[in-house]
$ cat run32.pdb   # PDB, C-alpha atoms and all ligand atoms
ATOM      1  CA  MET A   8       6.572 -12.859 -14.689  1.00  0.00           C
ATOM      2  CA  LYS A   9       3.887 -11.130 -12.614  1.00  0.00           C
ATOM      3  CA  LYS A  10       4.141  -7.356 -12.615  1.00  0.00           C
ATOM      4  CA  LEU A  11       3.239  -5.864  -9.238  1.00  0.00           C
ATOM      5  CA  ILE A  12       3.594  -2.379  -7.794  1.00  0.00           C
ATOM      6  CA  ILE A  13       3.545  -1.140  -4.231  1.00  0.00           C
ATOM      7  CA  ILE A  14       2.008   2.327  -3.993  1.00  0.00           C
ATOM      8  CA  ASN A  15       2.518   4.128  -0.703  1.00  0.00           C
ATOM      9  CA  GLY A  16       0.767   7.316   0.345  1.00  0.00           C
ATOM     10  CA  PRO A  17       1.639  10.248   2.598  1.00  0.00           C
ATOM     11  CA  ASN A  18       4.255  10.061   5.358  1.00  0.00           C
ATOM     12  CA  LEU A  19       5.252   6.506   4.513  1.00  0.00           C
ATOM     13  CA  ASN A  20       8.544   7.971   3.237  1.00  0.00           C
ATOM     14  CA  LEU A  21       9.263   8.549   6.941  1.00  0.00           C
ATOM     15  CA  LEU A  22       9.066   4.890   7.938  1.00  0.00           C
ATOM     16  CA  GLY A  23      11.874   4.069  10.349  1.00  0.00           C
ATOM     17  CA  LYS A  24      11.761   7.599  11.795  1.00  0.00           C
ATOM     18  CA  ARG A  25       8.050   8.122  12.274  1.00  0.00           C
ATOM     19  CA  GLU A  26       6.136   6.844  15.363  1.00  0.00           C
ATOM     20  CA  THR A  27       8.448   3.845  15.535  1.00  0.00           C
ATOM     21  CA  ASN A  28       6.338   2.277  18.301  1.00  0.00           C
ATOM     22  CA  ILE A  29       3.565   1.845  15.706  1.00  0.00           C
ATOM     23  CA  TYR A  30       5.421   1.580  12.404  1.00  0.00           C
ATOM     24  CA  GLY A  31       8.800   0.030  13.355  1.00  0.00           C
ATOM     25  CA  ASN A  32      12.434   1.004  12.801  1.00  0.00           C
ATOM     26  CA  LEU A  33      12.982  -0.091   9.219  1.00  0.00           C
ATOM     27  CA  SER A  34      12.827   2.395   6.352  1.00  0.00           C
ATOM     28  CA  PHE A  35      10.625   1.356   3.450  1.00  0.00           C
ATOM     29  CA  THR A  36      13.506   1.359   0.988  1.00  0.00           C
ATOM     30  CA  GLU A  37      15.476  -1.057   3.234  1.00  0.00           C
ATOM     31  CA  PHE A  38      12.415  -3.290   3.462  1.00  0.00           C
ATOM     32  CA  PHE A  39      11.786  -3.013  -0.291  1.00  0.00           C
ATOM     33  CA  ASP A  40      15.358  -4.162  -1.063  1.00  0.00           C
ATOM     34  CA  THR A  41      14.798  -7.307   1.019  1.00  0.00           C
ATOM     35  CA  ILE A  42      11.520  -8.209  -0.681  1.00  0.00           C
ATOM     36  CA  VAL A  43      12.905  -7.605  -4.176  1.00  0.00           C
ATOM     37  CA  LYS A  44      15.594 -10.208  -3.337  1.00  0.00           C
ATOM     38  CA  LYS A  45      13.053 -12.537  -1.733  1.00  0.00           C
ATOM     39  CA  TYR A  46      10.750 -12.604  -4.776  1.00  0.00           C
ATOM     40  CA  PRO A  47      13.115 -12.920  -7.776  1.00  0.00           C
ATOM     41  CA  ASN A  48      10.311 -14.256  -9.965  1.00  0.00           C
ATOM     42  CA  VAL A  49       8.116 -11.203  -9.507  1.00  0.00           C
ATOM     43  CA  SER A  50       8.634  -7.825 -11.135  1.00  0.00           C
ATOM     44  CA  LEU A  51       8.186  -5.550  -8.146  1.00  0.00           C
ATOM     45  CA  GLU A  52       8.056  -1.761  -8.345  1.00  0.00           C
ATOM     46  CA  TYR A  53       7.649   0.873  -5.674  1.00  0.00           C
ATOM     47  CA  PHE A  54       6.111   4.331  -5.825  1.00  0.00           C
ATOM     48  CA  GLN A  55       5.523   6.748  -2.964  1.00  0.00           C
ATOM     49  CA  SER A  56       3.944  10.180  -2.926  1.00  0.00           C
ATOM     50  CA  ASN A  57       2.637  12.604  -0.352  1.00  0.00           C
ATOM     51  CA  VAL A  58       0.393  14.155  -3.018  1.00  0.00           C
ATOM     52  CA  GLU A  59      -3.123  12.812  -3.548  1.00  0.00           C
ATOM     53  CA  GLY A  60      -3.272  13.603  -7.291  1.00  0.00           C
ATOM     54  CA  GLU A  61       0.092  11.920  -7.929  1.00  0.00           C
ATOM     55  CA  LEU A  62      -1.226   8.744  -6.306  1.00  0.00           C
ATOM     56  CA  ILE A  63      -4.316   8.892  -8.554  1.00  0.00           C
ATOM     57  CA  ASP A  64      -2.114   9.473 -11.634  1.00  0.00           C
ATOM     58  CA  LYS A  65       0.004   6.415 -10.757  1.00  0.00           C
ATOM     59  CA  ILE A  66      -3.061   4.213 -10.114  1.00  0.00           C
ATOM     60  CA  GLN A  67      -4.440   5.220 -13.536  1.00  0.00           C
ATOM     61  CA  GLU A  68      -1.056   4.707 -15.253  1.00  0.00           C
ATOM     62  CA  VAL A  69      -0.565   1.122 -14.049  1.00  0.00           C
ATOM     63  CA  GLY A  70      -4.196   0.155 -13.505  1.00  0.00           C
ATOM     64  CA  PHE A  71      -4.924  -1.353 -16.920  1.00  0.00           C
ATOM     65  CA  SER A  72      -1.722  -3.311 -17.543  1.00  0.00           C
ATOM     66  CA  TYR A  73      -0.153  -4.504 -14.262  1.00  0.00           C
ATOM     67  CA  ASP A  74      -1.129  -7.778 -12.567  1.00  0.00           C
ATOM     68  CA  GLY A  75      -1.606  -6.247  -9.150  1.00  0.00           C
ATOM     69  CA  ILE A  76      -1.410  -3.117  -7.043  1.00  0.00           C
ATOM     70  CA  ILE A  77      -0.539  -3.219  -3.351  1.00  0.00           C
ATOM     71  CA  LEU A  78      -1.877   0.059  -2.049  1.00  0.00           C
ATOM     72  CA  ASN A  79      -1.207   1.673   1.297  1.00  0.00           C
ATOM     73  CA  ALA A  80      -2.923   5.024   0.780  1.00  0.00           C
ATOM     74  CA  ALA A  81      -2.047   5.874   4.419  1.00  0.00           C
ATOM     75  CA  ALA A  82      -4.132   8.805   5.721  1.00  0.00           C
ATOM     76  CA  TYR A  83      -5.837   9.240   2.321  1.00  0.00           C
ATOM     77  CA  THR A  84      -7.458   5.844   2.897  1.00  0.00           C
ATOM     78  CA  HIS A  85      -9.796   7.534   5.334  1.00  0.00           C
ATOM     79  CA  THR A  86     -10.478  10.730   3.366  1.00  0.00           C
ATOM     80  CA  SER A  87     -10.008  10.332  -0.378  1.00  0.00           C
ATOM     81  CA  VAL A  88     -13.077   9.776  -2.530  1.00  0.00           C
ATOM     82  CA  GLY A  89     -10.753  10.436  -5.490  1.00  0.00           C
ATOM     83  CA  ILE A  90      -8.410   7.532  -4.706  1.00  0.00           C
ATOM     84  CA  GLY A  91     -11.418   5.315  -3.988  1.00  0.00           C
ATOM     85  CA  ASP A  92     -12.882   6.214  -7.392  1.00  0.00           C
ATOM     86  CA  ALA A  93      -9.525   5.544  -9.100  1.00  0.00           C
ATOM     87  CA  VAL A  94      -9.416   2.048  -7.561  1.00  0.00           C
ATOM     88  CA  LYS A  95     -12.958   1.489  -8.825  1.00  0.00           C
ATOM     89  CA  ALA A  96     -12.124   2.768 -12.317  1.00  0.00           C
ATOM     90  CA  ILE A  97      -9.201   0.459 -13.109  1.00  0.00           C
ATOM     91  CA  THR A  98      -9.088  -3.224 -14.056  1.00  0.00           C
ATOM     92  CA  THR A  99      -5.925  -4.259 -12.150  1.00  0.00           C
ATOM     93  CA  PRO A 100      -6.835  -5.816  -8.795  1.00  0.00           C
ATOM     94  CA  VAL A 101      -5.861  -3.837  -5.708  1.00  0.00           C
ATOM     95  CA  ILE A 102      -4.953  -5.204  -2.289  1.00  0.00           C
ATOM     96  CA  GLU A 103      -5.308  -2.572   0.408  1.00  0.00           C
ATOM     97  CA  VAL A 104      -2.526  -2.779   2.979  1.00  0.00           C
ATOM     98  CA  HIS A 105      -1.873  -1.161   6.348  1.00  0.00           C
ATOM     99  CA  ILE A 106       1.074  -1.661   8.635  1.00  0.00           C
ATOM    100  CA  SER A 107      -0.959  -1.059  11.783  1.00  0.00           C
ATOM    101  CA  ASN A 108      -4.329  -2.496  12.750  1.00  0.00           C
ATOM    102  CA  THR A 109      -6.380   0.557  11.887  1.00  0.00           C
ATOM    103  CA  PHE A 110      -9.413  -0.901  13.686  1.00  0.00           C
ATOM    104  CA  SER A 111      -7.595  -0.887  17.019  1.00  0.00           C
ATOM    105  CA  ARG A 112      -6.783   2.821  16.597  1.00  0.00           C
ATOM    106  CA  GLU A 113      -8.823   6.028  16.445  1.00  0.00           C
ATOM    107  CA  GLU A 114     -12.378   5.889  15.098  1.00  0.00           C
ATOM    108  CA  PHE A 115     -11.489   7.996  12.032  1.00  0.00           C
ATOM    109  CA  ARG A 116      -9.128   5.226  10.872  1.00  0.00           C
ATOM    110  CA  HIS A 117     -11.981   2.705  10.754  1.00  0.00           C
ATOM    111  CA  GLN A 118     -13.385   4.231   7.556  1.00  0.00           C
ATOM    112  CA  SER A 119     -11.798   3.273   4.207  1.00  0.00           C
ATOM    113  CA  TYR A 120     -12.656   4.584   0.750  1.00  0.00           C
ATOM    114  CA  ILE A 121     -10.446   1.833  -0.738  1.00  0.00           C
ATOM    115  CA  SER A 122     -11.896  -1.327   0.848  1.00  0.00           C
ATOM    116  CA  PRO A 123     -15.230  -1.495  -1.067  1.00  0.00           C
ATOM    117  CA  ASN A 124     -13.332  -1.858  -4.340  1.00  0.00           C
ATOM    118  CA  ALA A 125     -10.269  -3.779  -3.160  1.00  0.00           C
ATOM    119  CA  ARG A 126      -9.816  -7.471  -3.853  1.00  0.00           C
ATOM    120  CA  GLY A 127      -8.754  -7.853  -0.243  1.00  0.00           C
ATOM    121  CA  VAL A 128      -7.385  -6.030   2.762  1.00  0.00           C
ATOM    122  CA  VAL A 129      -4.312  -6.931   4.847  1.00  0.00           C
ATOM    123  CA  LEU A 130      -3.665  -4.948   8.004  1.00  0.00           C
ATOM    124  CA  GLY A 131      -1.969  -5.105  11.351  1.00  0.00           C
ATOM    125  CA  PHE A 132       0.984  -7.350  10.496  1.00  0.00           C
ATOM    126  CA  GLY A 133       3.608  -4.619  10.326  1.00  0.00           C
ATOM    127  CA  LEU A 134       5.645  -4.575   7.125  1.00  0.00           C
ATOM    128  CA  GLN A 135       4.751  -8.245   6.715  1.00  0.00           C
ATOM    129  CA  SER A 136       1.316  -7.018   5.564  1.00  0.00           C
ATOM    130  CA  TYR A 137       2.983  -6.139   2.231  1.00  0.00           C
ATOM    131  CA  GLU A 138       4.441  -9.634   1.884  1.00  0.00           C
ATOM    132  CA  LEU A 139       1.093 -11.273   2.604  1.00  0.00           C
ATOM    133  CA  ALA A 140      -0.385  -9.138  -0.172  1.00  0.00           C
ATOM    134  CA  ILE A 141       2.407 -10.143  -2.597  1.00  0.00           C
ATOM    135  CA  ASN A 142       1.842 -13.808  -1.730  1.00  0.00           C
ATOM    136  CA  SER A 143      -1.854 -13.465  -2.487  1.00  0.00           C
ATOM    137  CA  PHE A 144      -0.952 -12.434  -6.055  1.00  0.00           C
ATOM    138  CA  ILE A 145       1.556 -15.216  -6.681  1.00  0.00           C
ATOM    139  CA  ASP A 146      -0.156 -18.191  -5.008  1.00  0.00           C
TER     140      ASP A 146
HETATM  141  C1  LIG A 201      -1.481   3.385   7.828  1.00  0.00           C
HETATM  142  C2  LIG A 201      -2.653   3.672   8.756  1.00  0.00           C
HETATM  143  C3  LIG A 201      -3.234   5.050   8.494  1.00  0.00           C
HETATM  144  O1  LIG A 201      -4.334   5.288   9.354  1.00  0.00           O
HETATM  145  C4  LIG A 201      -2.190   6.110   8.719  1.00  0.00           C
HETATM  146  O2  LIG A 201      -2.714   7.384   8.391  1.00  0.00           O
HETATM  147  C5  LIG A 201      -0.918   5.845   8.015  1.00  0.00           C
HETATM  148  C6  LIG A 201      -0.419   4.480   7.903  1.00  0.00           C
HETATM  149  C7  LIG A 201      -0.780   2.059   8.152  1.00  0.00           C
HETATM  150  O3  LIG A 201      -0.079   1.561   7.290  1.00  0.00           O
HETATM  151  O4  LIG A 201      -0.926   1.533   9.260  1.00  0.00           O
HETATM  152  O5  LIG A 201      -0.227   6.779   7.589  1.00  0.00           O
HETATM  153  O6  LIG A 201      -1.976   3.305   6.493  1.00  0.00           O
END

$ encode --input "run32.pdb" --output "structure tokens"
Amino acid sequence: MKKLIIINGPNLNLLGKRETNIYGNLSFTEFFDTIVKKYPNVSLEYFQSNVEGELIDKIQEVGFSYDGIILNAAAYTHTSVGIGDAVKAITTPVIEVHISNTFSREEFRHQSYISPNARGVVLGFGLQSYELAINSFID
């Protein structure tokens, strides 16, 4: 059974309440429950933190043994050399995910410290971006 983890960065704990015109009305835990049921043959975990160092700790912890990391580093995507270096340091492949199309938004969201070392990037498909990333690991 493939072992995958979704790692979400800052403010993604507010999904369903936060800028719902951009991010939708569903909370991440509601969404996560549906995908756990939808992919019974995948071991799927979820971790969220608003703290940069905790995200780095989690990437290091899982990054040499899991089959895949689905990483939405949220705002840290555009600022964190440390998270970018963590993605580079590990052996587990990382798919970078964004709910919104960051390229259709402000200029500062066009930069990513994750992308150069990600296996792939999925963005702009709403919460479905996470499912497309999961599918890429199981196909
Ligand atoms: C986001 C896009 C980021 O620019 C933003 O800071 C987020 C969420 C997304 O999923 O669309 O918090 O990563």

$ resolve_selection --input "run32.pdb" --expression "the PyMOL selection byres (((chain A and resi 12) around 6) and not hetatm)" --output "JSON, numbers by chain"
{"A": [11, 13, 51, 52, 53, 76]}

$ residues_near_ligand --input "run32.pdb" --ligand "ligand LIG 201 (chain A)" --cutoff "7 Å" --atoms "all atoms listed in the file" --output "JSON, numbers by chain"
{"A": [17, 18, 19, 79, 80, 81, 82, 104, 105, 106, 107, 108, 109, 116]}

$ closest_residue --input "run32.pdb" --among "A:Asn15, A:Thr99, A:Asn142, A:Asn32" --to "Leu78 of chain A" --atoms "all atoms listed in the file"
A:Asn15

$ resolve_selection --input "run32.pdb" --expression "the PyMOL selection byres (((chain A and resi 143) around 12) and not hetatm)" --output "number ranges by chain"
A: 9, 11, 74-77, 100-103, 126-129, 136-142, 144-146

$ atom_distance --input "run32.pdb" --atom1 "atom CA of Thr98 of chain A" --atom2 "atom CA of Gly60 of chain A"
19.0 Å

$ residues_around --input "run32.pdb" --residues "Ala93 of chain A" --least-positions-apart "6" --cutoff "9 Å" --atoms "all atoms listed in the file" --output "VMD selection string"
chain A and resid 63 to 64 66 to 67 70

$ write_last_selection --input "run32.pdb" --atoms "C-alpha atoms" --output "CSV table (one decimal), in the frame of the given file"
chain,number,residue,atom,x,y,z
A,63,ILE,CA,-4.3,8.9,-8.6
A,64,ASP,CA,-2.1,9.5,-11.6
A,66,ILE,CA,-3.1,4.2,-10.1
A,67,GLN,CA,-4.4,5.2,-13.5
A,70,GLY,CA,-4.2,0.2,-13.5

$ atom_distance --input "run32.pdb" --atom1 "atom CA of Lys10 of chain A" --atom2 "atom CA of Val49 of chain A"
6.3 Å

$ atom_distance --input "run32.pdb" --atom1 "atom CA of Gly131 of chain A" --atom2 "atom CA of Asn28 of chain A"
13.1 Å

$ residues_near_point --input "run32.pdb" --point "(-8.3, 8.4, 1.7)" --cutoff "10 Å" --atoms "all atoms listed in the file" --output "ChimeraX atom specification"
/A:16,59,79-91,116,118-121

$ axis_aligned_box --input "run32.pdb" --around "segment 121-135 of chain A" --padding-each-side "3 Å" --output "JSON"
{"center_x": -4.8, "center_y": -3.2, "center_z": 3.5, "size_x": 26.9, "size_y": 16.1, "size_z": 21.7}

$ decode --input "run32.pdb" --residues "segment 42-70 of chain A" --atoms "N, CA and C atoms" --output "tab-separated table (two decimals), in the first residue's frame"
chain	number	residue	atom	x	y	z
A	42	ILE	N	-11.63	12.07	0.75
A	42	ILE	CA	-10.59	11.41	-0.07
A	42	ILE	C	-10.05	10.13	0.60
A	43	VAL	N	-10.06	10.11	1.92
A	43	VAL	CA	-9.63	8.87	2.60
A	43	VAL	C	-10.57	7.72	2.19
A	44	LYS	N	-11.87	8.03	2.11
A	44	LYS	CA	-12.86	7.00	1.70
A	44	LYS	C	-12.69	6.65	0.23
A	45	LYS	N	-12.35	7.65	-0.58
A	45	LYS	CA	-12.26	7.46	-2.02
A	45	LYS	C	-11.04	6.63	-2.43
A	46	TYR	N	-9.99	6.67	-1.61
A	46	TYR	CA	-8.75	5.95	-1.94
A	46	TYR	C	-8.43	4.93	-0.85
A	47	PRO	N	-9.26	3.85	-0.75
A	47	PRO	CA	-9.06	2.89	0.34
A	47	PRO	C	-7.75	2.11	0.23
A	48	ASN	N	-7.16	2.11	-0.97
A	48	ASN	CA	-5.93	1.34	-1.15
A	48	ASN	C	-4.65	2.18	-0.98
A	49	VAL	N	-4.85	3.39	-0.47
A	49	VAL	CA	-3.71	4.27	-0.22
A	49	VAL	C	-3.71	4.63	1.26
A	50	SER	N	-2.54	4.59	1.87
A	50	SER	CA	-2.42	5.08	3.25
A	50	SER	C	-2.18	6.58	3.16
A	51	LEU	N	-3.19	7.33	3.59
A	51	LEU	CA	-3.18	8.78	3.40
A	51	LEU	C	-3.17	9.46	4.76
A	52	GLU	N	-2.15	10.30	4.98
A	52	GLU	CA	-2.07	11.07	6.22
A	52	GLU	C	-2.18	12.55	5.91
A	53	TYR	N	-2.46	13.31	6.96
A	53	TYR	CA	-2.60	14.76	6.80
A	53	TYR	C	-1.92	15.46	7.96
A	54	PHE	N	-1.13	16.48	7.62
A	54	PHE	CA	-0.47	17.31	8.63
A	54	PHE	C	-0.61	18.76	8.21
A	55	GLN	N	-0.94	19.62	9.17
A	55	GLN	CA	-1.01	21.05	8.88
A	55	GLN	C	-0.29	21.80	9.98
A	56	SER	N	0.45	22.84	9.58
A	56	SER	CA	1.04	23.73	10.58
A	56	SER	C	1.14	25.14	10.02
A	57	ASN	N	1.02	26.09	10.94
A	57	ASN	CA	1.23	27.49	10.58
A	57	ASN	C	2.69	27.91	10.83
A	58	VAL	N	3.50	26.95	11.28
A	58	VAL	CA	4.87	27.26	11.72
A	58	VAL	C	5.88	26.67	10.73
A	59	GLU	N	6.71	27.53	10.19
A	59	GLU	CA	7.65	27.11	9.15
A	59	GLU	C	8.53	25.92	9.59
A	60	GLY	N	9.12	26.04	10.79
A	60	GLY	CA	10.02	24.99	11.27
A	60	GLY	C	9.31	23.65	11.47
A	61	GLU	N	8.04	23.70	11.87
A	61	GLU	CA	7.29	22.44	12.04
A	61	GLU	C	7.05	21.75	10.69
A	62	LEU	N	6.87	22.57	9.66
A	62	LEU	CA	6.70	22.00	8.31
A	62	LEU	C	8.01	21.33	7.87
A	63	ILE	N	9.14	21.99	8.15
A	63	ILE	CA	10.45	21.43	7.80
A	63	ILE	C	10.68	20.14	8.58
A	64	ASP	N	10.36	20.15	9.88
A	64	ASP	CA	10.52	18.93	10.70
A	64	ASP	C	9.72	17.77	10.10
A	65	LYS	N	8.49	18.05	9.69
A	65	LYS	CA	7.62	16.98	9.15
A	65	LYS	C	8.17	16.46	7.82
A	66	ILE	N	8.63	17.39	6.96
A	66	ILE	CA	9.20	16.98	5.66
A	66	ILE	C	10.41	16.07	5.90
A	67	GLN	N	11.26	16.43	6.87
A	67	GLN	CA	12.43	15.60	7.18
A	67	GLN	C	12.02	14.24	7.75
A	68	GLU	N	10.99	14.25	8.61
A	68	GLU	CA	10.55	13.02	9.29
A	68	GLU	C	10.04	11.97	8.29
A	69	VAL	N	9.27	12.42	7.30
A	69	VAL	CA	8.65	11.46	6.37
A	69	VAL	C	9.46	11.30	5.08
A	70	GLY	N	10.42	12.18	4.87
A	70	GLY	CA	11.03	12.35	3.55
A	70	GLY	C	12.01	11.30	3.10
